[in-house]
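Undergrad: My structure file coords00.txt, compact mmCIF, C-alpha atoms, is below:
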```txt
# COMPACT_ATOMS: atom_id res chain seq x y z
CA MET A 1 8.36 21.90 25.64
CA GLU A 2 5.89 22.33 22.81
CA GLN A 3 8.75 22.55 20.34
CA ASN A 4 10.41 19.46 21.75
CA ASN A 5 7.17 17.53 21.39
CA HIS A 6 6.89 18.63 17.80
CA LYS A 7 10.44 17.55 17.04
CA PHE A 8 9.84 14.23 18.74
CA LEU A 9 6.68 13.71 16.73
CA LEU A 10 8.43 14.47 13.43
CA ARG A 11 11.29 12.13 14.26
CA LYS A 12 8.89 9.37 15.25
CA LEU A 13 6.88 9.94 12.07
CA PHE A 14 10.00 9.73 9.91
CA PHE A 15 11.34 6.56 11.48
CA SER A 16 7.92 4.90 11.52
CA THR A 17 7.35 5.42 7.80
CA LEU A 18 10.99 4.53 7.07
CA TYR A 19 10.63 1.27 8.99
CA ILE A 20 7.29 0.36 7.44
CA SER A 21 8.44 1.20 3.93
CA SER A 22 11.61 -0.89 4.27
CA PHE A 23 9.60 -4.03 4.83
CA THR A 24 6.44 -3.72 2.77
CA PHE A 25 6.66 -5.91 -0.29
CA GLY A 26 3.71 -5.82 -2.64
CA GLY A 27 1.02 -3.30 -3.40
CA GLY A 28 -0.33 -0.29 -1.60
CA PHE A 29 -2.80 -2.18 0.56
CA VAL A 30 0.09 -3.98 2.22
CA ILE A 31 1.59 -0.74 3.48
CA VAL A 32 -1.82 0.45 4.65
CA THR A 33 -2.24 -2.62 6.85
CA PHE A 34 1.19 -2.08 8.37
CA MET A 35 0.36 1.59 8.94
CA LYS A 36 -2.83 0.55 10.69
CA ARG A 37 -0.90 -1.72 13.05
CA LYS A 38 1.65 1.03 13.75
CA PHE A 39 -0.36 4.26 13.86
CA VAL A 40 -3.68 2.92 15.18
CA ASP A 41 -2.86 -0.09 17.37
CA GLU A 42 0.62 0.79 18.59
CA LEU A 43 0.97 4.59 18.70
CA HIS A 44 -2.75 5.49 18.92
CA TRP A 45 -2.18 8.51 16.69
CA LEU A 46 -5.21 7.78 14.55
CA THR A 47 -8.54 6.09 15.08
CA GLU A 48 -9.38 3.05 13.03
CA GLN A 49 -12.02 5.08 11.20
CA GLU A 50 -9.54 7.78 10.28
CA MET A 51 -7.13 5.17 8.93
CA LEU A 52 -9.90 3.71 6.75
CA ASP A 53 -10.87 7.19 5.53
CA MET A 54 -7.26 7.88 4.61
CA THR A 55 -7.00 4.57 2.80
CA ALA A 56 -10.01 5.47 0.69
CA LEU A 57 -8.58 8.92 -0.06
CA ALA A 58 -5.12 7.51 -0.84
CA GLN A 59 -6.62 4.92 -3.15
CA SER A 60 -8.72 7.41 -5.08
CA SER A 61 -5.95 9.97 -5.64
CA PRO A 62 -3.34 9.77 -8.38
CA GLY A 63 0.02 8.27 -7.50
CA ALA A 64 1.28 5.45 -5.33
CA ILE A 65 -1.03 4.50 -2.46
CA ALA A 66 1.88 4.24 -0.03
CA VAL A 67 3.04 7.79 -0.79
CA ASN A 68 -0.51 9.17 -0.66
CA ALA A 69 -1.25 7.48 2.65
CA SER A 70 1.92 8.83 4.22
CA ILE A 71 1.09 12.36 3.01
CA LEU A 72 -2.33 12.05 4.66
CA VAL A 73 -0.99 10.68 7.93
CA GLY A 74 1.82 13.26 7.96
CA TRP A 75 -0.55 16.19 7.38
CA HIS A 76 -2.90 14.90 10.01
CA MET A 77 -0.17 14.59 12.64
CA ALA A 78 2.05 17.59 11.94
CA GLY A 79 0.93 19.68 8.96
CA ALA A 80 2.98 20.30 5.82
CA LEU A 81 6.30 19.49 7.49
CA GLY A 82 4.82 16.25 8.79
CA ALA A 83 3.72 15.30 5.28
CA ALA A 84 7.18 16.05 3.88
CA VAL A 85 8.89 14.01 6.59
CA ALA A 86 6.51 11.07 6.15
CA VAL A 87 6.96 11.04 2.36
CA LEU A 88 10.73 11.16 2.71
CA GLY A 89 10.60 8.20 5.08
CA THR A 90 8.44 6.30 2.62
CA ILE A 91 10.49 6.87 -0.54
CA LEU A 92 14.03 6.61 0.88
CA PRO A 93 14.13 2.80 1.41
CA PRO A 94 12.93 1.84 -2.11
CA MET A 95 15.25 4.44 -3.63
CA LEU A 96 18.31 3.18 -1.79
CA ILE A 97 17.50 -0.49 -2.35
CA LEU A 98 16.75 -0.01 -6.04
CA SER A 99 19.91 2.03 -6.60
CA VAL A 100 22.02 -0.79 -5.19
CA ILE A 101 20.10 -3.55 -6.96
CA SER A 102 20.14 -1.83 -10.35
CA LEU A 103 23.91 -2.38 -10.30
CA PHE A 104 23.64 -6.16 -10.22
CA TYR A 105 20.02 -6.96 -10.83
CA ALA A 106 20.47 -10.09 -12.94
CA ALA A 107 22.26 -11.91 -10.11
CA PHE A 108 19.65 -10.78 -7.60
CA ALA A 109 16.60 -11.74 -9.65
CA SER A 110 17.85 -15.26 -10.42
CA ASN A 111 19.26 -16.14 -6.98
CA PRO A 112 17.38 -19.21 -5.62
CA TYR A 113 17.95 -18.29 -1.95
CA VAL A 114 16.53 -14.81 -2.46
CA ALA A 115 13.53 -16.42 -4.17
CA LEU A 116 12.96 -18.76 -1.21
CA VAL A 117 13.07 -15.96 1.39
CA LEU A 118 10.70 -13.84 -0.68
CA LYS A 119 8.31 -16.75 -1.08
CA GLY A 120 8.20 -17.26 2.64
CA MET A 121 7.71 -13.56 3.29
CA GLN A 122 4.77 -13.58 0.90
CA ALA A 123 3.02 -16.11 3.13
CA GLY A 124 3.69 -13.77 6.07
CA VAL A 125 2.34 -10.75 4.19
CA ALA A 126 -0.90 -12.60 3.40
CA ALA A 127 -1.24 -13.46 7.10
CA VAL A 128 -0.63 -9.84 8.20
CA ILE A 129 -3.21 -8.45 5.77
CA LEU A 130 -5.86 -11.00 6.61
CA ASP A 131 -5.24 -10.55 10.33
CA VAL A 132 -5.85 -6.81 10.05
CA VAL A 133 -8.87 -7.43 7.82
CA CYS A 134 -10.40 -9.76 10.43
CA GLY A 135 -10.20 -6.99 13.02
CA LEU A 136 -11.62 -4.38 10.65
CA GLY A 137 -14.39 -6.70 9.44
CA GLN A 138 -15.41 -7.59 13.00
CA ASN A 139 -15.80 -3.91 13.81
CA VAL A 140 -18.03 -3.34 10.79
CA VAL A 141 -20.17 -6.31 11.83
CA LYS A 142 -20.34 -5.03 15.43
CA GLU A 143 -21.82 -1.73 14.22
CA LYS A 144 -24.86 -3.74 13.12
CA LYS A 145 -25.72 -1.38 10.29
CA LEU A 146 -27.39 -3.18 7.41
CA LEU A 147 -26.13 -0.67 4.84
CA SER A 148 -22.50 -1.10 5.90
CA LEU A 149 -22.79 -4.88 5.74
CA CYS A 150 -24.36 -4.74 2.28
CA ILE A 151 -21.66 -2.39 1.01
CA MET A 152 -18.94 -4.61 2.44
CA ALA A 153 -20.39 -7.73 0.83
CA ALA A 154 -21.08 -6.04 -2.51
CA ALA A 155 -17.62 -4.45 -2.66
CA PHE A 156 -15.98 -7.77 -1.90
CA ILE A 157 -17.88 -9.65 -4.60
CA ALA A 158 -17.29 -6.85 -7.12
CA THR A 159 -13.54 -6.71 -6.60
CA PHE A 160 -12.67 -10.33 -5.85
CA VAL A 161 -15.11 -12.23 -8.06
CA PHE A 162 -15.78 -9.79 -10.90
CA ASP A 163 -12.49 -7.89 -10.87
CA VAL A 164 -14.23 -4.51 -11.04
CA ASN A 165 -11.83 -1.55 -11.05
CA VAL A 166 -11.26 -0.32 -7.50
CA VAL A 167 -11.92 3.30 -8.51
CA TYR A 168 -15.49 2.46 -9.54
CA ILE A 169 -16.14 0.66 -6.27
CA ILE A 170 -15.02 3.67 -4.25
CA LEU A 171 -17.05 6.03 -6.43
CA ALA A 172 -20.16 3.86 -6.02
CA ALA A 173 -19.79 3.65 -2.25
CA GLY A 174 -19.26 7.42 -2.03
CA LEU A 175 -22.32 8.02 -4.19
CA ILE A 176 -24.43 5.89 -1.86
CA GLY A 177 -23.19 8.02 1.02
CA LEU A 178 -24.16 11.23 -0.78
CA LEU A 179 -27.59 9.93 -1.76
CA ARG A 180 -28.23 8.94 1.84
CA VAL A 181 -27.83 12.59 2.87
CA TYR A 182 -29.53 14.30 -0.02
CA LEU A 183 -32.54 12.02 -0.38
CA PRO A 184 -34.38 13.33 2.69
CA LEU A 185 -37.05 10.63 2.71
CA LYS A 186 -34.65 7.78 3.22
CA GLY A 187 -32.29 9.71 5.49
CA GLY A 188 -35.18 10.83 7.70
CA ARG A 189 -36.57 7.39 8.19
CA LYS A 190 -33.26 5.87 9.12
CA LYS A 191 -32.81 8.25 12.02
CA MET B 1 17.74 18.31 -20.79
CA ILE B 2 17.64 14.61 -20.08
CA LEU B 3 16.86 15.44 -16.44
CA LEU B 4 13.92 17.59 -17.48
CA GLN B 5 12.63 14.79 -19.71
CA LEU B 6 12.92 12.30 -16.86
CA PHE B 7 11.07 14.66 -14.58
CA LEU B 8 8.25 15.29 -17.06
CA SER B 9 7.87 11.61 -17.94
CA PHE B 10 7.49 10.48 -14.36
CA LEU B 11 5.34 13.49 -13.59
CA GLN B 12 2.85 12.05 -16.09
CA VAL B 13 3.11 8.60 -14.55
CA GLY B 14 2.40 10.09 -11.12
CA MET B 15 -0.45 12.22 -12.37
CA PHE B 16 -2.41 9.62 -14.32
CA SER B 17 -1.99 6.42 -12.32
CA ILE B 18 -4.99 6.23 -10.04
CA GLY B 19 -5.29 3.08 -7.97
CA GLY B 20 -1.72 2.04 -7.28
CA GLY B 21 0.93 -0.16 -8.87
CA TYR B 22 -1.00 -2.08 -11.45
CA ALA B 23 -2.45 1.11 -12.88
CA ALA B 24 1.04 2.64 -13.09
CA MET B 25 2.69 -0.26 -14.93
CA PRO B 26 1.35 0.38 -18.47
CA LEU B 27 1.98 4.12 -18.09
CA ILE B 28 5.59 3.51 -17.11
CA GLN B 29 6.04 1.11 -20.01
CA ASN B 30 4.65 3.67 -22.42
CA GLN B 31 6.96 6.45 -21.21
CA VAL B 32 10.11 4.46 -20.65
CA VAL B 33 10.07 1.83 -23.40
CA GLU B 34 7.92 3.22 -26.17
CA LEU B 35 8.31 7.00 -26.05
CA HIS B 36 11.88 7.46 -24.85
CA SER B 37 13.56 4.07 -25.37
CA TRP B 38 15.33 4.40 -22.02
CA LEU B 39 14.86 0.66 -21.45
CA THR B 40 14.34 -2.27 -23.81
CA MET B 41 11.25 -4.43 -23.28
CA ALA B 42 13.45 -7.15 -21.72
CA GLU B 43 14.93 -4.64 -19.27
CA PHE B 44 11.44 -3.42 -18.44
CA THR B 45 10.37 -6.99 -17.63
CA ASP B 46 13.39 -7.28 -15.32
CA LEU B 47 12.36 -4.03 -13.70
CA VAL B 48 8.87 -5.37 -13.01
CA THR B 49 10.34 -8.52 -11.46
CA ILE B 50 12.67 -6.50 -9.25
CA ALA B 51 9.91 -4.10 -8.27
CA GLU B 52 7.83 -7.04 -7.10
CA MET B 53 10.75 -8.49 -5.13
CA THR B 54 11.73 -5.27 -3.35
CA PRO B 55 9.82 -3.04 -0.93
CA GLY B 56 8.17 0.15 -2.06
CA PRO B 57 5.68 1.36 -4.65
CA ILE B 58 6.39 0.30 -8.22
CA ALA B 59 6.36 3.90 -9.49
CA ILE B 60 9.17 4.83 -7.06
CA ASN B 61 11.09 1.66 -7.92
CA ALA B 62 10.75 2.33 -11.64
CA ALA B 63 11.71 5.99 -11.30
CA THR B 64 14.85 5.10 -9.33
CA PHE B 65 15.83 2.29 -11.68
CA VAL B 66 15.32 4.25 -14.89
CA GLY B 67 16.75 7.47 -13.46
CA THR B 68 19.93 5.71 -12.32
CA ARG B 69 20.46 4.04 -15.68
CA VAL B 70 19.82 7.16 -17.73
CA ALA B 71 21.47 9.88 -15.64
CA GLY B 72 22.99 8.41 -12.46
CA PRO B 73 21.93 9.21 -8.88
CA LEU B 74 20.73 12.71 -9.77
CA GLY B 75 18.50 11.15 -12.43
CA ALA B 76 17.02 8.83 -9.81
CA VAL B 77 16.21 11.75 -7.51
CA VAL B 78 14.71 13.86 -10.29
CA ALA B 79 12.56 11.02 -11.66
CA THR B 80 11.33 10.02 -8.20
CA PHE B 81 10.50 13.62 -7.37
CA GLY B 82 8.54 13.87 -10.62
CA SER B 83 6.51 10.77 -9.81
CA ILE B 84 5.46 11.98 -6.35
CA PHE B 85 5.00 15.66 -7.19
CA PRO B 86 1.35 15.51 -8.39
CA ALA B 87 0.36 13.40 -5.38
CA CYS B 88 2.03 15.83 -2.97
CA ILE B 89 -0.16 18.66 -4.23
CA ILE B 90 -3.45 16.82 -4.77
CA VAL B 91 -3.29 14.71 -1.61
CA SER B 92 -2.22 17.68 0.51
CA LEU B 93 -5.35 19.49 -0.64
CA LEU B 94 -7.41 16.43 0.22
CA ALA B 95 -5.75 16.20 3.63
CA TYR B 96 -6.64 19.82 4.29
CA VAL B 97 -10.26 19.28 3.21
CA TYR B 98 -10.48 16.10 5.29
CA ARG B 99 -9.20 17.82 8.44
CA ARG B 100 -11.38 20.85 7.97
CA TYR B 101 -14.66 19.17 7.00
CA GLN B 102 -14.28 15.78 8.68
CA LYS B 103 -17.29 16.52 10.92
CA LEU B 104 -19.58 17.69 8.11
CA PRO B 105 -22.67 15.42 7.91
CA ALA B 106 -22.42 14.91 4.13
CA LEU B 107 -18.74 13.97 4.30
CA GLN B 108 -19.40 11.79 7.34
CA SER B 109 -22.05 9.94 5.38
CA VAL B 110 -19.79 9.46 2.34
CA LEU B 111 -16.89 8.27 4.49
CA GLY B 112 -19.23 6.00 6.43
CA CYS B 113 -20.09 4.22 3.20
CA LEU B 114 -16.48 4.15 1.99
CA ARG B 115 -15.12 2.43 5.10
CA PRO B 116 -16.83 -0.96 4.68
CA ALA B 117 -15.91 -0.90 0.98
CA VAL B 118 -12.25 -0.27 1.86
CA VAL B 119 -12.26 -3.21 4.26
CA SER B 120 -13.38 -5.43 1.38
CA LEU B 121 -10.74 -4.02 -0.95
CA ILE B 122 -8.01 -4.80 1.56
CA ALA B 123 -9.49 -8.28 2.09
CA ALA B 124 -9.45 -8.95 -1.65
CA ALA B 125 -5.82 -7.80 -1.93
CA GLY B 126 -4.85 -10.13 0.92
CA LEU B 127 -6.71 -13.08 -0.56
CA SER B 128 -5.05 -12.58 -3.96
CA ILE B 129 -1.64 -12.77 -2.31
CA LEU B 130 -2.74 -15.85 -0.35
CA GLN B 131 -3.84 -17.43 -3.61
CA THR B 132 -0.39 -17.01 -5.15
CA VAL B 133 1.19 -18.34 -1.95
CA ILE B 134 -0.88 -21.50 -1.80
CA PHE B 135 -1.31 -22.28 -5.49
CA ALA B 136 1.95 -20.68 -6.69
CA GLY B 137 0.13 -18.92 -9.51
CA SER B 138 -1.19 -22.13 -11.08
CA ALA B 139 -4.80 -23.33 -11.27
CA ILE B 140 -6.75 -23.76 -8.03
CA GLN B 141 -6.65 -27.49 -7.41
CA LEU B 142 -5.53 -29.74 -4.57
CA SER B 143 -2.54 -31.24 -6.41
CA ALA B 144 -1.06 -27.77 -6.99
CA VAL B 145 -1.08 -26.76 -3.32
CA ASP B 146 2.24 -25.53 -1.96
CA TRP B 147 1.95 -27.13 1.48
CA ILE B 148 4.95 -25.33 2.96
CA GLY B 149 3.43 -21.99 2.01
CA ALA B 150 0.03 -23.00 3.38
CA VAL B 151 1.48 -24.12 6.72
CA LEU B 152 3.60 -20.97 7.01
CA PHE B 153 0.56 -18.82 6.32
CA LEU B 154 -1.56 -20.62 8.91
CA ALA B 155 1.15 -20.45 11.57
CA ALA B 156 1.75 -16.75 10.92
CA PHE B 157 -1.98 -16.01 10.93
CA VAL B 158 -2.56 -17.77 14.27
CA ILE B 159 0.45 -16.07 15.89
CA LEU B 160 -0.74 -12.65 14.70
CA ARG B 161 -4.34 -13.21 15.75
CA ILE B 162 -3.69 -14.73 19.17
CA LYS B 163 -0.22 -13.64 20.25
CA LYS B 164 -0.33 -10.22 18.52
CA TRP B 165 3.34 -10.38 17.56
CA ASN B 166 4.95 -7.57 15.59
CA PRO B 167 3.88 -8.08 11.93
CA ILE B 168 7.31 -7.27 10.48
CA LEU B 169 8.93 -9.80 12.80
CA VAL B 170 6.40 -12.44 11.78
CA MET B 171 7.00 -11.70 8.10
CA SER B 172 10.79 -11.91 8.46
CA LEU B 173 10.47 -15.18 10.37
CA CYS B 174 8.35 -16.59 7.53
CA GLY B 175 11.09 -15.71 5.06
CA ALA B 176 13.77 -17.31 7.24
CA ALA B 177 11.64 -20.43 7.82
CA ARG B 178 11.00 -20.89 4.12
CA LEU B 179 14.72 -20.57 3.37
CA ALA B 180 15.58 -23.08 6.12
CA VAL B 181 13.02 -25.61 4.89
CA GLY B 182 14.23 -25.15 1.32
CA LEU B 183 17.85 -25.72 2.33
CA VAL B 184 17.01 -28.81 4.39
CA MET B 185 14.85 -30.37 1.70
CA LYS B 186 17.16 -29.22 -1.10
CA LEU B 187 14.09 -28.34 -3.08
CA PRO B 188 14.57 -25.92 -5.94
CA ALA B 189 12.78 -22.62 -5.44
CA ALA B 190 9.72 -22.53 -7.63
```
Go ahead and express the file in the form of structure tokens.

TA:
Amino acid sequence: MEQNNHKFLLRKLFFSTLYISSFTFGGGFVIVTFMKRKFVDELHWLTEQEMLDMTALAQSSPGAIAVNASILVGWHMAGALGAAVAVLGTILPPMLILSVISLFYAAFASNPYVALVLKGMQAGVAAVILDVVCGLGQNVVKEKKLLSLCIMAAAFIATFVFDVNVVYIILAAGLIGLLRVYLPLKGGRKK
Amino acid sequence: MILLQLFLSFLQVGMFSIGGGYAAMPLIQNQVVELHSWLTMAEFTDLVTIAEMTPGPIAINAATFVGTRVAGPLGAVVATFGSIFPACIIVSLLAYVYRRYQKLPALQSVLGCLRPAVVSLIAAAGLSILQTVIFAGSAIQLSAVDWIGAVLFLAAFVILRIKKWNPILVMSLCGAARLAVGLVMKLPAA
């Protein structure tokens, strides 16, 4: 029974990451939003907080965000084997697609119909990301913590208006979190 | 020998690109065009275009593309493996630490501050894509608005927010709708 469950979990993990990876055009944050819809909203494998933690970890580690996020989700669900299965699911679609396309890439890149479909899908991707962001943002606002709101606003202005490197933003936010614990005066008063 | 070189080159790309695709691009260019001359600059530009048009992380796309051209399917596998190898080790360690110490007050506090920042980072990524959809990469002004893109975005957003449709279905429908409109209007794809 236990073993069957484990097998089922691994299979589900593989096909979920395979499916997500086949359809996520664009950068790492795109795949993270699709993972959130799948693993948090649909399968309830992770909490929203865990997904955000994993996004931060994936973003601050070397390598592709999509691969890092699937390692984290895989480990969390089913240990080392889970991580291996999730990574395989994530890298197989781009590998297969690229292998085929590298054979006739000039025709593909200049095809006007392909360009139209991709343009339309881009509008859809923007909608998916902003939909997920609305949900996440609402939850931060609902917490009614001044510090969280300030960090959210500051991080947004830093990255969107001033184009600050994402790594610095994550480091700064983490530092604030550390200071909150190790500066006893402030931490004490807040509680 | 060439396989080992491929592996080591993409190992470096995987090890030193922190922060996703745009951080990896110059590293890939350095390894593939400048150091090893596996691709010409024109081929590299094609690769970037294709990587943006196809699913998957750019490092994986680049590794597969370069590996295939230099040493066939085995080259693709070796190069891809090289590019994910450092992440597999480092992120696995992080995953272990996260699972083990998730409840620790200090880590809780750090993660609590990271979460709102991450929400903003995702928001900014989404808005940048929206900007290219609506203004097609040109200056932000009313005359440059791509109305078809704007309407598609709004429709998709409302359907996702209210009807909670499957996001991949919504995205595919957007692609199909844009193609249909383009064919009907006989407009050239920008």

Undergrad: Find, counting all atoms listed in the file, the residue in B:Asp146, B:Pro55, B:Glu43, B:Leu27 that gets nearest to chain A.

TA: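 Residue with the minimum atom-to-atom distance to chain A: B:Pro55.
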
Undergrad: Please return as a PyMOL selection string every residue within 8 Å of (-14.1, -2.6, -5.8), taking into account all atoms listed in the file and the file's own coordinates.

TA: (chain A and resi 155-156+158-160+163-170) or (chain B and resi 117+120-121)

Undergrad: What is the CA of Met53 in chain B to CA of Ser99 in chain A distance in Å?

TA: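 CA of Met53 in chain B sits 14.0 Å away from CA of Ser99 in chain A.
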
Undergrad: Considering all atoms listed in the file, state which residue in the set A:Ser61, A:Thr90, A:Ser22, A:Thr33 is at the smallest distance from Ser92 in chain B.

TA: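 Selected residue with least distance to Ser92 in chain B: A:Ser61.
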
Undergrad: Determine, counting all atoms listed in the file, which protein, DNA and RNA residues have an atom within 8 Å of an atom of Cys174 in chain B; residues of the same chain fewer than 4 positions away are not included. Present the result as a short mmCIF file (atom, residue, chain, number, x, y, z; two decimals) with C-alpha atoms, in the frame of the given file.

TA:
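New file selection.cif:
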```cif
data_model
loop_
_atom_site.label_atom_id
_atom_site.label_comp_id
_atom_site.auth_asym_id
_atom_site.auth_seq_id
_atom_site.Cartn_x
_atom_site.Cartn_y
_atom_site.Cartn_z
CA VAL A 117 13.07 -15.96 1.39
CA GLY A 120 8.20 -17.26 2.64
CA MET A 121 7.71 -13.56 3.29
CA ALA A 123 3.02 -16.11 3.13
CA GLY A 124 3.69 -13.77 6.07
CA LEU B 152 3.60 -20.97 7.01
CA ALA B 156 1.75 -16.75 10.92
CA VAL B 170 6.40 -12.44 11.78
CA ARG B 178 11.00 -20.89 4.12
#
```

Undergrad: Could you tell me which of B:Phe65, B:Phe81, B:Phe16, B:Phe44 comes closest to Leu4 in chain B if we count all atoms listed in the file?

TA: B:Phe81

Undergrad: What does the distance between CA of Phe25 in chain A and CA of Glu52 in chain B come to in Å, to one decimal place?

TA: 7.0 Å

Undergrad: In terms of the shortest atom-to-atom distance over only C-alpha atoms, which of A:Met35, A:Leu52, A:Val161, A:Leu46 is closest to chain B?

TA: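 So, comparing all the options, the nearest one is A:Leu52.
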
Undergrad: Quick check, in Å to one decimal: how far apart do CA of Phe10 in chain B and CA of Thr80 in chain B lie?

TA: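 These two atoms are separated by 7.3 Å.
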
Undergrad: Hey, what's within 8 Å of range 177-182 of chain A if we count all atoms listed in the file and toss same-chain stuff fewer than 4 positions away? As a list in words, please?

TA: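 Residues near the query, excluding close chain neighbours: Ala173, Lys186 and Gly187 of chain A; Pro105, Ala106, Leu107, Ser109, Val110, Leu111, Gly112, Cys113 and Leu114 of chain B.
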
Undergrad: Return the single residue from A:Gly63, A:Val114, A:Lys145, A:Ser70 that is closest to chain B, with distances computed using all atoms listed in the file.

TA: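 So, comparing all the options, the nearest one is A:Gly63.
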
Undergrad: Go through B:Leu130, B:Ile90, B:Val181, B:Val158 one by one, measure the shortest atom-to-atom distance of each to Val145 in chain B using only C-alpha atoms, and give the residue with the smallest value.

TA: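 The shortest atom-to-atom distance to Val145 in chain B comes from B:Leu130.
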
Undergrad: Once 6 Å is added on each side, what are the centre and the three edge lengths, in Å to one decimal, of the axis-aligned box enclosing the listed atoms of range 70-84 of chain B? Present them as AutoDock Vina command-line options.

TA:
```
--center_x 14.2 --center_y 10.5 --center_z -12.0 --size_x 29.5 --size_y 18.7 --size_z 23.4
```
